[in-house]
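Chemist: First the structure, which I've put down as structure tokens, then a few questions once you've had a look.
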Amino acid sequence: MTRFWASFIDDKILATAVKVLLCEGEEREVVILEVCEQWKMLEQQLNGKNFFGGDKIGFVDIVGNIVAFWIPITQEILGGDFFTPEKFPGLFEWIGKLQEIDIVNECRPPSEKHLAYVRGRYESIKNARK
């Protein structure tokens with residue numbers, strides 16, 4: 001199951017999240033609905049646990065870093081409200097638990113630098129499409 005969910009995050013959620021950046025208008029809305037369904041499926045796997053494997057951080061939590069720390073920044077850049085605590089309370093509780101772990105925080109880039117990096121990548125993508 002660990003391999004399945006790690007693969008699901010990498011192959012489905014990440015791929016769909018990238019599509020959100022690459023499309024616009026109605027197409028983006030359809031892709032956002034698709035990724036929201038994927039997040040719901042992932043959230044169900046937490047099933048009241050602190051982490052995907054139980055009480056300790058594990059492989060799926062590490063792979064899930066994309067959801068925890070990249071998706072909120074992407075949302076900020078796009079100006080949406082598709083990934084919120086109201087819509088995904090379990091995932092946001094899990095993100096809070098990840099943020100309590102020192103080694104996770106040591107391995108993450110500072111939020112402002114991360115935002116600048118993702119914004120720069122997004123602008124490059126937009127400019128390349130013109």
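In the structure tokens, chains take letters A, B, ... by order of appearance, with residues numbered from 1 within each chain and ligands from 1 in the order shown.
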Identify, on the basis of only C-alpha atoms, every residue whose closest approach to Lys12 of chain A does not exceed 9 Å; exclude the query and any residue fewer than 5 positions from it along the same chain; express the result as a PDB file with N, CA and C atoms, in the first residue's frame.

Modeler:
```pdb
ATOM      1  N   SER A   7       3.242   6.235  -5.287  1.00  0.00           N
ATOM      2  CA  SER A   7       3.102   6.327  -6.742  1.00  0.00           C
ATOM      3  C   SER A   7       1.905   7.193  -7.121  1.00  0.00           C
ATOM      4  N   ALA A  17      -1.465  18.413 -10.744  1.00  0.00           N
ATOM      5  CA  ALA A  17      -1.153  19.737 -10.200  1.00  0.00           C
ATOM      6  C   ALA A  17      -0.337  20.558 -11.204  1.00  0.00           C
ATOM      7  N   VAL A  35      -7.919  17.317  -9.564  1.00  0.00           N
ATOM      8  CA  VAL A  35      -6.917  17.204  -8.502  1.00  0.00           C
ATOM      9  C   VAL A  35      -7.589  17.222  -7.123  1.00  0.00           C
ATOM     10  N   GLN A  38      -8.539  13.796  -6.327  1.00  0.00           N
ATOM     11  CA  GLN A  38      -7.357  13.029  -5.948  1.00  0.00           C
ATOM     12  C   GLN A  38      -6.960  13.329  -4.500  1.00  0.00           C
TER      13      GLN A  38
END
```

Chemist: For Trp5 of chain A, please output as a PDB file with C-alpha atoms, in the first residue's frame all residues within 9 Å (counting only C-alpha atoms; exclusion window: fewer than 2 positions along the same chain).

Modeler:
```
ATOM      1  CA  MET A   1       0.000   0.000   0.000  1.00  0.00           C
ATOM      2  CA  THR A   2       2.896   2.344   0.722  1.00  0.00           C
ATOM      3  CA  ARG A   3       4.207   1.982  -2.817  1.00  0.00           C
ATOM      4  CA  SER A   7       3.102   6.327  -6.742  1.00  0.00           C
ATOM      5  CA  PHE A   8      -0.389   7.865  -6.650  1.00  0.00           C
ATOM      6  CA  ILE A   9       1.077  11.110  -5.301  1.00  0.00           C
ATOM      7  CA  ASP A  10       3.912  11.161  -7.834  1.00  0.00           C
ATOM      8  CA  LEU A  42      -5.473  10.765  -0.385  1.00  0.00           C
ATOM      9  CA  GLN A  45      -6.103   7.308   3.685  1.00  0.00           C
ATOM     10  CA  VAL A  60       4.194   8.352   1.970  1.00  0.00           C
ATOM     11  CA  VAL A  63       6.497  11.802  -0.882  1.00  0.00           C
TER      12      VAL A  63
END
```

Chemist: In Å, with one decimal, what is the gap from atom CA of Asn50 of chain A to atom CA of Val104 of chain A?

Modeler: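 Between atom CA of Asn50 of chain A and atom CA of Val104 of chain A the gap is 14.8 Å.
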
Chemist: Just to confirm, what's the straight-line distance from atom CA of Ile103 of chain A to atom CA of Glu86 of chain A in Å (one decimal)?

Modeler: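 Between atom CA of Ile103 of chain A and atom CA of Glu86 of chain A the gap works out to 27.6 Å.
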
Chemist: Residues within 12 Å of Glu112 of chain A, please, as a PyMOL selection string. Count only C-alpha atoms; anything in the same chain fewer than 5 positions from it doesn't count.

Modeler: chain A and resi 73+76+117-119

Chemist: Kindly give the distance, in Å, that separates atom CA of Ala116 of chain A and atom CA of Ile66 of chain A, rounded to a single decimal.

Modeler: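 Taking atom CA of Ala116 of chain A and atom CA of Ile66 of chain A, their separation equals 16.4 Å.
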
Chemist: Restricting the calculation to only C-alpha atoms: of A:Glu29, A:Asp102, A:Glu37, A:Asp11, which residue gets closest to Phe88 of chain A?

Modeler: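 Among the listed residues, A:Glu37 lies closest to Phe88 of chain A.
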